[in-house]
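S.K.: One file: model.cif (mmCIF, C-alpha atoms and all ligand atoms).
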```cif
data_start
loop_
_atom_site.group_PDB
_atom_site.id
_atom_site.type_symbol
_atom_site.label_atom_id
_atom_site.label_comp_id
_atom_site.auth_asym_id
_atom_site.auth_seq_id
_atom_site.Cartn_x
_atom_site.Cartn_y
_atom_site.Cartn_z
ATOM 1 C CA MET A 1 -1.002 -25.417 -16.528
ATOM 2 C CA ILE A 2 -1.663 -26.426 -20.130
ATOM 3 C CA ALA A 3 -2.722 -29.908 -18.985
ATOM 4 C CA GLU A 4 -5.328 -28.275 -16.735
ATOM 5 C CA ASN A 5 -6.442 -25.571 -19.140
ATOM 6 C CA PRO A 6 -5.202 -25.665 -22.748
ATOM 7 C CA GLY A 7 -6.167 -22.010 -23.358
ATOM 8 C CA TYR A 8 -4.448 -20.668 -20.226
ATOM 9 C CA PHE A 9 -1.408 -18.936 -21.725
ATOM 10 C CA ASN A 10 -3.251 -17.872 -24.836
ATOM 11 C CA SER A 11 -5.920 -15.995 -22.889
ATOM 12 C CA LEU A 12 -3.359 -14.394 -20.551
ATOM 13 C CA ALA A 13 -1.145 -13.226 -23.404
ATOM 14 C CA HIS A 14 -3.992 -11.308 -24.991
ATOM 15 C CA LEU A 15 -5.583 -9.536 -22.091
ATOM 16 C CA GLN A 16 -4.707 -7.565 -19.022
ATOM 17 C CA ALA A 17 -7.717 -5.926 -17.425
ATOM 18 C CA PRO A 18 -7.183 -6.092 -13.673
ATOM 19 C CA GLU A 19 -9.615 -4.208 -11.442
ATOM 20 C CA PHE A 20 -7.191 -3.982 -8.558
ATOM 21 C CA LEU A 21 -3.859 -2.346 -7.871
ATOM 22 C CA TRP A 22 -2.016 -4.006 -5.006
ATOM 23 C CA ILE A 23 0.726 -2.162 -3.150
ATOM 24 C CA GLY A 24 2.326 -4.620 -0.769
ATOM 25 C CA CYS A 25 5.561 -5.476 1.021
ATOM 26 C CA SER A 26 8.502 -7.106 -0.803
ATOM 27 C CA ASP A 27 8.630 -9.796 1.912
ATOM 28 C CA SER A 28 8.727 -13.199 0.205
ATOM 29 C CA ARG A 29 5.941 -14.473 2.461
ATOM 30 C CA VAL A 30 3.290 -12.039 1.209
ATOM 31 C CA PRO A 31 2.671 -12.710 -2.503
ATOM 32 C CA ALA A 32 -0.432 -10.831 -3.674
ATOM 33 C CA ASN A 33 -2.079 -13.588 -5.730
ATOM 34 C CA GLU A 34 -1.709 -16.301 -3.090
ATOM 35 C CA ILE A 35 -2.964 -14.091 -0.268
ATOM 36 C CA THR A 36 -6.046 -13.015 -2.169
ATOM 37 C CA GLY A 37 -6.713 -16.288 -3.963
ATOM 38 C CA THR A 38 -6.533 -14.566 -7.350
ATOM 39 C CA GLN A 39 -5.057 -15.634 -10.682
ATOM 40 C CA PRO A 40 -2.472 -13.960 -12.917
ATOM 41 C CA GLY A 41 -4.290 -11.194 -14.802
ATOM 42 C CA GLU A 42 -6.473 -10.146 -11.875
ATOM 43 C CA ILE A 43 -4.222 -7.845 -9.852
ATOM 44 C CA PHE A 44 -1.684 -5.230 -10.917
ATOM 45 C CA VAL A 45 1.123 -5.352 -8.368
ATOM 46 C CA HIS A 46 3.719 -3.043 -6.870
ATOM 47 C CA ARG A 47 5.819 -4.131 -3.919
ATOM 48 C CA ASN A 48 8.512 -2.432 -1.870
ATOM 49 C CA VAL A 49 9.941 -2.666 1.637
ATOM 50 C CA ALA A 50 7.082 -1.985 4.078
ATOM 51 C CA ASN A 51 4.578 -0.996 1.348
ATOM 52 C CA LEU A 52 5.335 2.721 1.241
ATOM 53 C CA VAL A 53 3.860 5.399 -1.034
ATOM 54 C CA ILE A 54 6.509 8.107 -1.126
ATOM 55 C CA ASN A 55 5.740 11.229 -3.113
ATOM 56 C CA THR A 56 9.176 11.337 -4.774
ATOM 57 C CA ASP A 57 9.253 7.642 -5.686
ATOM 58 C CA VAL A 58 8.958 7.590 -9.481
ATOM 59 C CA ASN A 59 8.501 3.820 -9.407
ATOM 60 C CA VAL A 60 5.363 3.670 -7.243
ATOM 61 C CA LEU A 61 3.918 6.817 -8.824
ATOM 62 C CA SER A 62 4.390 5.388 -12.331
ATOM 63 C CA VAL A 63 2.656 2.178 -11.327
ATOM 64 C CA LEU A 64 -0.163 4.232 -9.805
ATOM 65 C CA ASP A 65 -0.475 6.414 -12.909
ATOM 66 C CA TYR A 66 -0.594 3.400 -15.229
ATOM 67 C CA ALA A 67 -3.047 1.482 -13.055
ATOM 68 C CA VAL A 68 -5.410 4.421 -12.553
ATOM 69 C CA ASN A 69 -5.248 6.167 -15.921
ATOM 70 C CA HIS A 70 -4.694 3.281 -18.337
ATOM 71 C CA LEU A 71 -5.888 0.088 -16.669
ATOM 72 C CA LYS A 72 -8.683 2.072 -14.979
ATOM 73 C CA VAL A 73 -8.560 0.023 -11.780
ATOM 74 C CA LYS A 74 -11.552 0.332 -9.472
ATOM 75 C CA HIS A 75 -9.686 -0.397 -6.254
ATOM 76 C CA VAL A 76 -6.248 0.287 -4.835
ATOM 77 C CA ILE A 77 -5.208 -1.921 -1.936
ATOM 78 C CA ILE A 78 -2.284 -1.190 0.336
ATOM 79 C CA CYS A 79 -1.511 -4.333 2.288
ATOM 80 C CA GLY A 80 1.007 -4.416 5.117
ATOM 81 C CA HIS A 81 1.706 -7.469 7.213
ATOM 82 C CA TYR A 82 2.317 -8.238 10.848
ATOM 83 C CA GLY A 83 5.883 -9.263 11.599
ATOM 84 C CA CYS A 84 7.214 -6.844 8.947
ATOM 85 C CA GLY A 85 11.016 -6.627 9.063
ATOM 86 C CA GLY A 86 11.028 -3.136 7.545
ATOM 87 C CA ILE A 87 8.695 -1.823 10.221
ATOM 88 C CA LYS A 88 10.745 -3.433 12.977
ATOM 89 C CA ALA A 89 14.026 -2.105 11.556
ATOM 90 C CA ALA A 90 12.619 1.433 11.552
ATOM 91 C CA THR A 91 11.939 1.237 15.288
ATOM 92 C CA THR A 92 15.607 0.500 16.060
ATOM 93 C CA ASN A 93 18.574 2.873 16.212
ATOM 94 C CA THR A 94 20.672 0.715 13.923
ATOM 95 C CA ASP A 95 22.519 2.512 11.124
ATOM 96 C CA PHE A 96 21.542 0.510 8.034
ATOM 97 C CA LYS A 97 23.666 2.853 5.837
ATOM 98 C CA PRO A 98 22.398 5.549 3.460
ATOM 99 C CA VAL A 99 19.876 3.976 1.139
ATOM 100 C CA LEU A 100 18.049 1.872 3.698
ATOM 101 C CA ASN A 101 18.218 4.689 6.231
ATOM 102 C CA MET A 102 16.528 6.964 3.682
ATOM 103 C CA TRP A 103 13.785 4.464 3.079
ATOM 104 C CA LEU A 104 13.159 3.574 6.700
ATOM 105 C CA ARG A 105 13.048 7.225 7.752
ATOM 106 C CA ASN A 106 9.587 7.419 6.193
ATOM 107 C CA ILE A 107 8.424 4.815 8.712
ATOM 108 C CA LYS A 108 10.163 6.631 11.560
ATOM 109 C CA ASP A 109 8.116 9.694 10.568
ATOM 110 C CA VAL A 110 4.927 7.646 10.925
ATOM 111 C CA TYR A 111 6.090 6.557 14.385
ATOM 112 C CA ARG A 112 6.743 10.171 15.380
ATOM 113 C CA LEU A 113 3.242 11.214 14.269
ATOM 114 C CA HIS A 114 1.780 8.546 16.557
ATOM 115 C CA ARG A 115 4.434 8.489 19.271
ATOM 116 C CA GLU A 116 1.945 9.200 22.053
ATOM 117 C CA GLU A 117 -0.042 6.039 21.338
ATOM 118 C CA LEU A 118 2.872 3.802 20.356
ATOM 119 C CA ASP A 119 5.047 4.623 23.355
ATOM 120 C CA THR A 120 2.326 3.340 25.689
ATOM 121 C CA ILE A 121 2.612 -0.174 24.162
ATOM 122 C CA LYS A 122 5.275 -1.932 26.159
ATOM 123 C CA GLU A 123 5.515 -5.207 24.267
ATOM 124 C CA GLU A 124 7.769 -4.785 21.217
ATOM 125 C CA GLU A 125 5.908 -7.093 18.840
ATOM 126 C CA THR A 126 2.545 -5.527 19.686
ATOM 127 C CA ARG A 127 4.023 -2.057 19.217
ATOM 128 C CA CYS A 128 5.429 -2.982 15.792
ATOM 129 C CA ASP A 129 2.111 -4.535 14.783
ATOM 130 C CA ARG A 130 0.294 -1.329 15.682
ATOM 131 C CA LEU A 131 2.889 0.697 13.767
ATOM 132 C CA THR A 132 2.219 -1.596 10.802
ATOM 133 C CA GLU A 133 -1.473 -0.632 10.951
ATOM 134 C CA LEU A 134 -0.731 3.076 11.361
ATOM 135 C CA ASN A 135 1.741 2.893 8.493
ATOM 136 C CA VAL A 136 -0.910 1.447 6.182
ATOM 137 C CA LYS A 137 -3.255 4.282 7.190
ATOM 138 C CA GLU A 138 -0.585 6.862 6.444
ATOM 139 C CA GLN A 139 0.190 5.328 3.057
ATOM 140 C CA ILE A 140 -3.512 5.384 2.127
ATOM 141 C CA LEU A 141 -3.455 9.077 2.964
ATOM 142 C CA ASN A 142 -0.342 9.474 0.800
ATOM 143 C CA LEU A 143 -2.312 7.983 -2.101
ATOM 144 C CA ALA A 144 -5.188 10.393 -1.508
ATOM 145 C CA LYS A 145 -2.744 13.306 -1.569
ATOM 146 C CA THR A 146 -1.719 12.565 -5.176
ATOM 147 C CA SER A 147 -3.286 14.485 -8.053
ATOM 148 C CA THR A 148 -3.509 11.136 -9.880
ATOM 149 C CA ILE A 149 -6.009 9.828 -7.337
ATOM 150 C CA GLN A 150 -7.801 13.146 -6.852
ATOM 151 C CA ARG A 151 -8.312 13.585 -10.620
ATOM 152 C CA ALA A 152 -9.740 10.068 -10.994
ATOM 153 C CA TRP A 153 -12.011 10.650 -7.991
ATOM 154 C CA LYS A 154 -13.333 13.873 -9.491
ATOM 155 C CA LYS A 155 -13.785 12.664 -13.069
ATOM 156 C CA GLU A 156 -14.658 8.981 -12.661
ATOM 157 C CA GLN A 157 -15.578 8.392 -9.007
ATOM 158 C CA ARG A 158 -12.917 5.714 -8.647
ATOM 159 C CA PRO A 159 -10.742 4.067 -7.371
ATOM 160 C CA HIS A 160 -11.696 3.231 -3.827
ATOM 161 C CA LEU A 161 -8.752 2.897 -1.458
ATOM 162 C CA HIS A 162 -8.393 0.013 0.987
ATOM 163 C CA GLY A 163 -5.803 -0.379 3.746
ATOM 164 C CA TRP A 164 -5.279 -3.912 5.004
ATOM 165 C CA VAL A 165 -2.855 -5.803 7.206
ATOM 166 C CA TYR A 166 -2.166 -9.489 6.565
ATOM 167 C CA GLY A 167 -1.389 -11.896 9.392
ATOM 168 C CA LEU A 168 1.549 -14.174 8.601
ATOM 169 C CA LYS A 169 0.582 -16.425 11.480
ATOM 170 C CA ASP A 170 -3.054 -17.044 10.572
ATOM 171 C CA GLY A 171 -3.506 -15.924 6.953
ATOM 172 C CA ILE A 172 -6.238 -13.480 7.959
ATOM 173 C CA ILE A 173 -6.527 -10.054 6.352
ATOM 174 C CA LYS A 174 -7.564 -7.273 8.732
ATOM 175 C CA PRO A 175 -9.160 -4.214 7.121
ATOM 176 C CA ILE A 176 -7.697 -1.066 8.697
ATOM 177 C CA VAL A 177 -9.076 1.811 6.666
ATOM 178 C CA GLU A 178 -11.412 2.400 3.724
ATOM 179 C CA MET A 179 -11.412 5.599 1.718
ATOM 180 C CA ASN A 180 -14.145 5.806 -0.898
ATOM 181 C CA ALA A 181 -13.619 7.854 -4.029
ATOM 182 C CA GLY A 182 -14.267 11.530 -3.321
ATOM 183 C CA THR A 183 -13.396 11.452 0.379
ATOM 184 C CA HIS A 184 -12.183 14.824 1.580
ATOM 185 C CA ILE A 185 -8.800 15.048 3.214
ATOM 186 C CA ASP A 186 -6.986 17.965 4.850
ATOM 187 C CA PRO A 187 -7.772 20.850 2.419
ATOM 188 C CA LEU A 188 -4.098 21.748 2.293
ATOM 189 C CA TYR A 189 -3.581 18.696 0.079
ATOM 190 C CA GLU A 190 -6.640 19.113 -2.159
ATOM 191 C CA TYR A 191 -6.059 20.414 -5.699
ATOM 192 C CA ASP A 192 -8.736 22.634 -7.202
ATOM 193 C CA ASP A 193 -7.552 22.733 -10.826
ATOM 194 C CA LEU A 194 -7.665 19.034 -11.652
HETATM 195 ZN ZN ZN B 1 7.325 -6.460 5.314
#
```
Output the file's structure as structure tokens, nothing else.
Ligand SMILES: [Zn+2]
M.R.:
Amino acid sequence: MIAENPGYFNSLAHLQAPEFLWIGCSDSRVPANEITGTQPGEIFVHRNVANLVINTDVNVLSVLDYAVNHLKVKHVIICGHYGCGGIKAATTNTDFKPVLNMWLRNIKDVYRLHREELDTIKEEETRCDRLTELNVKEQILNLAKTSTIQRAWKKEQRPHLHGWVYGLKDGIIKPIVEMNAGTHIDPLYEYDDL
């Protein structure tokens, strides 16, 4: 790296001002920088199995808080991927033992919300791919339900939320859902004393 750009490490060590928060899957085949063609310093990253935003997960909520309130990111991207092992596991009846069962249950809940549509898809891979898209949508909604996002929307008209799914087979990113800052969601989840 130094041979290519002598100032590389020096500039990175002194500055972190990413405009994007990336919430992606832990899968080793979906690294955020490579997928988006970005460099270190450009994206703040959180990854977990099947890119979930769970409202009791201190880890993801801390990353979100730091990215939104301190780094002041303009965009939050949730990126799932087709062929996701976590998504597929959640559609089975296998007992993966307590911790994984707890985690995967969140995806089972997404399936249940969309059972009518998903049950009509006979082919397993196609059904899992659709669940991957619906899961991304649900996780975007989970972001919008947080007071962290709602406060930033109200006070600073950012960040915009983007739900994508990445194709392992072709490297193409499919946009699934966009939620601009200030979008109204089910009023039950909207805080009025932000
Ligand atoms: Zn995955």
S.K.: Please identify the residues whose atoms come within 9 Å of ligand ZN 1 (chain B), using only C-alpha atoms and all ligand atoms, and report them as a ChimeraX atom specification.
M.R.: /A:24-30,48-51,80-88,132
S.K.: With distances taken over only C-alpha atoms, which of A:Cys128, A:Ile54, A:Ile43, A:Met179 is nearest to Arg105 (chain A)?
M.R.: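 Residue with the minimum atom-to-atom distance to Arg105 (chain A): A:Ile54.
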S.K.: Kindly resolve the PyMOL selection byres (((chain A and resi 18) around 9) and not hetatm) on the present coordinates and return the residues as a compact mmCIF listing (two decimals) with C-alpha atoms, in the frame of the given file.
M.R.:
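The resulting selection-v3.txt:
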```txt
# COMPACT_ATOMS: atom_id res chain seq x y z
CA GLN A 16 -4.71 -7.56 -19.02
CA ALA A 17 -7.72 -5.93 -17.42
CA GLU A 19 -9.62 -4.21 -11.44
CA PHE A 20 -7.19 -3.98 -8.56
CA LEU A 21 -3.86 -2.35 -7.87
CA GLY A 41 -4.29 -11.19 -14.80
CA GLU A 42 -6.47 -10.15 -11.88
CA ILE A 43 -4.22 -7.84 -9.85
CA PHE A 44 -1.68 -5.23 -10.92
CA ALA A 67 -3.05 1.48 -13.06
CA LEU A 71 -5.89 0.09 -16.67
CA LYS A 72 -8.68 2.07 -14.98
CA VAL A 73 -8.56 0.02 -11.78
CA LYS A 74 -11.55 0.33 -9.47
```
S.K.: How many Å separate CA of Leu52 (chain A) from CA of Ile35 (chain A)?
M.R.: 18.8 Å
S.K.: Applied to this file, what does the PyMOL selection byres (((chain A and resi 140) around 9) and not hetatm) return in terms of residues, put as a list of chain:residue names?
M.R.: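 Written out, the selection comes to A:Val53, A:Ile77, A:Ile78, A:Asn135, A:Val136, A:Lys137, A:Glu138, A:Gln139, A:Leu141, A:Asn142, A:Leu143, A:Ala144, A:Lys145, A:Leu161, A:His162, A:Gly163, A:Val177, A:Glu178, A:Met179.
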S.K.: Residues near region 111-123 of chain A, anyone? I mean within 8 Å using only C-alpha atoms, not counting same-chain ones fewer than 6 positions away, as a ChimeraX atom specification.
M.R.: /A:91,130-131,134
S.K.: Take the residues that were just selected and, keeping C-alpha atoms, output them as an mmCIF file, in the coordinates of the input.
M.R.:
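Output file result.cif is given in full below:
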```
data_model
loop_
_atom_site.group_PDB
_atom_site.id
_atom_site.type_symbol
_atom_site.label_atom_id
_atom_site.label_comp_id
_atom_site.auth_asym_id
_atom_site.auth_seq_id
_atom_site.Cartn_x
_atom_site.Cartn_y
_atom_site.Cartn_z
ATOM 1 C CA THR A 91 11.939 1.237 15.288
ATOM 2 C CA ARG A 130 0.294 -1.329 15.682
ATOM 3 C CA LEU A 131 2.889 0.697 13.767
ATOM 4 C CA LEU A 134 -0.731 3.076 11.361
#
```
S.K.: Measuring atom to atom with all atoms listed in the file, identify which of A:Glu156, A:Pro175, A:Glu125, A:Ala90 is nearest to Asp109 (chain A).
M.R.: A:Ala90
